[in-house]
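**Student:** After the structure tokens below, expect a handful of questions from me.
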Amino acid sequence: MDKINIEGGQRLKGTVQISGAKNAVLPILAAVLLTDEKCVIKNVPPLRDCITMLKILKELGVKSHWCEAERQITIEPRRYTNHVAPYRLVSMMRASFCVLGPLIGKLKRAQVSLPGGCIIGPRPVDLHIKGIKALGVDVKIDHGYIFADGKNLRGGQVYLGGAFGSSVLATANVMTAAVMAKGKTIIENAACEPEIIDLAEFLIKMGAKIKGHRTHTMEIEGVKKLGGAVHAVIPDRIEAGTYMIAAAVTNGDVTIKNVIPEHMGAVIDKLQQAGIKIIRSADSIRVKGRVHLKPVDVTTLPYPGFPTDMQAQMMSLMSITEGISVITEKIYPDRFMHISELNRMGAEIMLEGASAIVKGVKSLSGAPVMASDLRASAALVLAGLVAKGKTEISRVYHLDRGYERVEEKLSALGARIWREKEK
Ligand code: UD1
């Protein structure tokens, strides 16, 4: 296993290129299952989660060719017939569950392992089930699997809201089943995260009839057949936000390239409130830090609100911002595993229900810490960049799920960061 070492205290300067969005490419790769024709997906980030998705496609009988140099995956689904996504693969990554919708759409049946919970808290799939049932699909749960029988697949109307708002991947699953259902589907309270819009754009290129995908009410008119398509995925707004905070936390001056600034509204707003200077252009954002920042309160919400996937990173920034800030989690109330590790580095953060009360300290001190999940790992890297002395982060395989060559990108900005094999 690898670990990442950081010698903190360098001001980051320069330019960083953002990779394609992990959360966009995964459901798009799954949606390729809807056609027999060749699809070419571009701007694919070389991440472990993409490898996992290709393994699932392979298991289903679908071949792919990944040209990493060109960041491009070519897939020719042909006439695959396997409809079983096994536990062994689905348990590696929750996004695997988004093969459910395309399998139902194309093969009219699916057997997909339930993904289970994870370190950021319970992650139910009731909205996925509610959505596909509304399309006339018969669903049974047995031995940890969902058995979906879609021989009567037809359009329907469904409200996809739960206790914590809409669901991103449930929206993806319902959309990808509905595009090949007979008749019209209306999804109310559909997620409208940029990754869902990107999926809809890909499906439209394949021949799907989708309207309203930039709003919370999506209308889909099912078609009999979908064709191949060529699509470049959007840039990763969470990776971009993480580098924005890397610039802010080190009082640096970094230009983030290959980003869609409109996707970054909530993060830009909070950083500006904290006193960070942000200069936007069509496809880049320049972030200029400053020594004295102001505390800000943050509440995570569905898009266009502040993303839960940026909560941990924002907490690292607030932990060295004088004053008190309150960070409230409204998507995953248990997503606070990073607090104890940040506190080991000298932060003063207290948990009260689903809110973290962050009392800014003057400095953090490097320490051995352990990554618990993807975004918590990013928060520890950010803390390490500003901490005095050396921080050693173990279990970085979490980080590799979502950040391409993080140590190389940060080194190029002037950070002292290196990877080594854990003994
Ligand atoms: C996606 C993202 C993840 C992000 C999350 C929220 C991918 C691969 N992952 O995950 O990075 O943190 O959106 O922006 O795109 N819920 C239910 N019932 C369900 C499904 C979800 O109650 O059937 C709840 C969840 O527990 C959570 C909330 O709804 O509280 C939102 O979760 P959801 O949008 O489904 O997250 P994912 O799509 O799994």
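The chains in the structure tokens are called A, B, ... from first to last as shown; in each chain the residues are counted from 1, and the ligands are counted from 1 in the order shown.
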Using only C-alpha atoms and all ligand atoms, which protein or nucleic acid residues are at most 6 Å from ligand 1, as a list in words?

**Tutor:** Asn23, Ala95, Arg123, Pro124, Val125, Asp126, Leu127, His128, Gly162, Phe164, Gly165, Ser166, Ser167, Val168, Leu169, Ala170, Thr308, Asp309, Ile331 and Tyr332 of chain A

**Student:** I need the chosen residues saved as a PDB file, in the first residue's frame, with C-alpha atoms.

**Tutor:**
```pdb
ATOM      1  CA  ASN A  23     -18.882  11.186 -11.270  1.00  0.00           C
ATOM      2  CA  ALA A  95     -21.310   3.893  -8.623  1.00  0.00           C
ATOM      3  CA  ARG A 123     -26.466   4.721   1.753  1.00  0.00           C
ATOM      4  CA  PRO A 124     -29.923   3.354   0.993  1.00  0.00           C
ATOM      5  CA  VAL A 125     -31.248   2.561  -2.501  1.00  0.00           C
ATOM      6  CA  ASP A 126     -34.970   2.989  -1.813  1.00  0.00           C
ATOM      7  CA  LEU A 127     -35.267   5.859  -4.315  1.00  0.00           C
ATOM      8  CA  HIS A 128     -33.639   3.781  -7.061  1.00  0.00           C
ATOM      9  CA  GLY A 162     -36.015  11.449   0.006  1.00  0.00           C
ATOM     10  CA  PHE A 164     -32.032  14.374   2.123  1.00  0.00           C
ATOM     11  CA  GLY A 165     -33.351  15.678  -1.169  1.00  0.00           C
ATOM     12  CA  SER A 166     -33.012  14.106  -4.569  1.00  0.00           C
ATOM     13  CA  SER A 167     -30.600  11.338  -5.447  1.00  0.00           C
ATOM     14  CA  VAL A 168     -27.958  11.669  -8.148  1.00  0.00           C
ATOM     15  CA  LEU A 169     -27.479   8.011  -9.027  1.00  0.00           C
ATOM     16  CA  ALA A 170     -31.188   7.156  -8.587  1.00  0.00           C
ATOM     17  CA  THR A 308     -21.021  17.496   0.162  1.00  0.00           C
ATOM     18  CA  ASP A 309     -17.970  16.253  -1.763  1.00  0.00           C
ATOM     19  CA  ILE A 331     -26.635  15.201   2.560  1.00  0.00           C
ATOM     20  CA  TYR A 332     -24.673  12.688   4.647  1.00  0.00           C
TER      21      TYR A 332
END
```

**Student:** Any idea what's packed within 9 Å of Gln111 in chain A, counting only C-alpha atoms, ignoring anything in its chain fewer than 3 positions away? Could you give it as a PyMOL selection string?

**Tutor:** chain A and resi 83-86+100+103+145-149

**Student:** Can you write out the residues you just picked, keeping C-alpha atoms, as a short mmCIF file (atom, residue, chain, number, x, y, z; two decimals), in the first residue's frame?

**Tutor:**
```cif
data_model
loop_
_atom_site.label_atom_id
_atom_site.label_comp_id
_atom_site.auth_asym_id
_atom_site.auth_seq_id
_atom_site.Cartn_x
_atom_site.Cartn_y
_atom_site.Cartn_z
CA HIS A 83 -27.36 -9.21 -16.80
CA VAL A 84 -25.61 -10.02 -13.51
CA ALA A 85 -23.38 -7.45 -11.75
CA PRO A 86 -21.79 -9.43 -8.90
CA LEU A 100 -29.05 -1.23 -13.07
CA LEU A 103 -29.48 -3.27 -18.05
CA TYR A 145 -29.13 -8.73 -4.81
CA ILE A 146 -31.78 -6.74 -6.64
CA PHE A 147 -33.60 -8.87 -9.18
CA ALA A 148 -35.33 -6.57 -11.66
CA ASP A 149 -37.76 -7.96 -14.21
#
```

**Student:** Listing only residues of range 238-260 of chain A within 12 Å of range 393-417 of chain A, what is the closest atom pair and its distance in Å (to one decimal) for each, using only C-alpha atoms, sorted by chain and residue number ascending, as a tab-separated table?

**Tutor:**
```
residue	atom	partner	partner_atom	distance
A:Ile238	CA	A:Gly402	CA	9.1
A:Glu239	CA	A:Tyr403	CA	6.8
A:Ala240	CA	A:Tyr403	CA	10.2
A:Gly241	CA	A:Tyr403	CA	11.8
A:Thr242	CA	A:Tyr403	CA	9.7
A:Tyr243	CA	A:Leu410	CA	8.5
A:Met244	CA	A:Leu410	CA	11.7
A:Ala246	CA	A:Leu410	CA	8.7
A:Ala247	CA	A:Leu413	CA	9.2
A:Thr250	CA	A:Ala415	CA	9.5
A:Gly252	CA	A:Leu413	CA	9.3
A:Asp253	CA	A:Leu413	CA	9.4
A:Val254	CA	A:Leu413	CA	7.8
A:Thr255	CA	A:Leu413	CA	10.0
A:Ile256	CA	A:Leu413	CA	10.9
```

**Student:** Residues within 6 Å of Glu37 in chain A, please, as a ChimeraX atom specification. Count only C-alpha atoms; anything in the same chain fewer than 4 positions from it doesn't count.

**Tutor:** /A:76,227-228

**Student:** Please save C-alpha atoms of the selected residues as a PDB file, in the first residue's frame.

**Tutor:**
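Saved as result-v8.pdb:
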```pdb
ATOM      1  CA  GLU A  76     -18.369  -1.910 -28.554  1.00  0.00           C
ATOM      2  CA  GLY A 227     -27.141   4.217 -31.308  1.00  0.00           C
ATOM      3  CA  GLY A 228     -23.462   4.830 -30.665  1.00  0.00           C
TER       4      GLY A 228
END
```

**Student:** Given the choices A:Lys330, A:Arg78, A:Lys3, A:His263, which gets closest to Asp283 in chain A if the distance is worked out from only C-alpha atoms?

**Tutor:** A:His263

**Student:** Between A:Met1, A:Ala177, A:Cys98, A:Val287, which is the closest to Val137 in chain A once you count only C-alpha atoms?

**Tutor:**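 Going through A:Met1, A:Ala177, A:Cys98, A:Val287 one by one, the smallest distance to Val137 in chain A is for A:Ala177.
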
**Student:** In Å, how far is it from CA of Arg48 in chain A to CA of Val16 in chain A?

**Tutor:** 20.8 Å
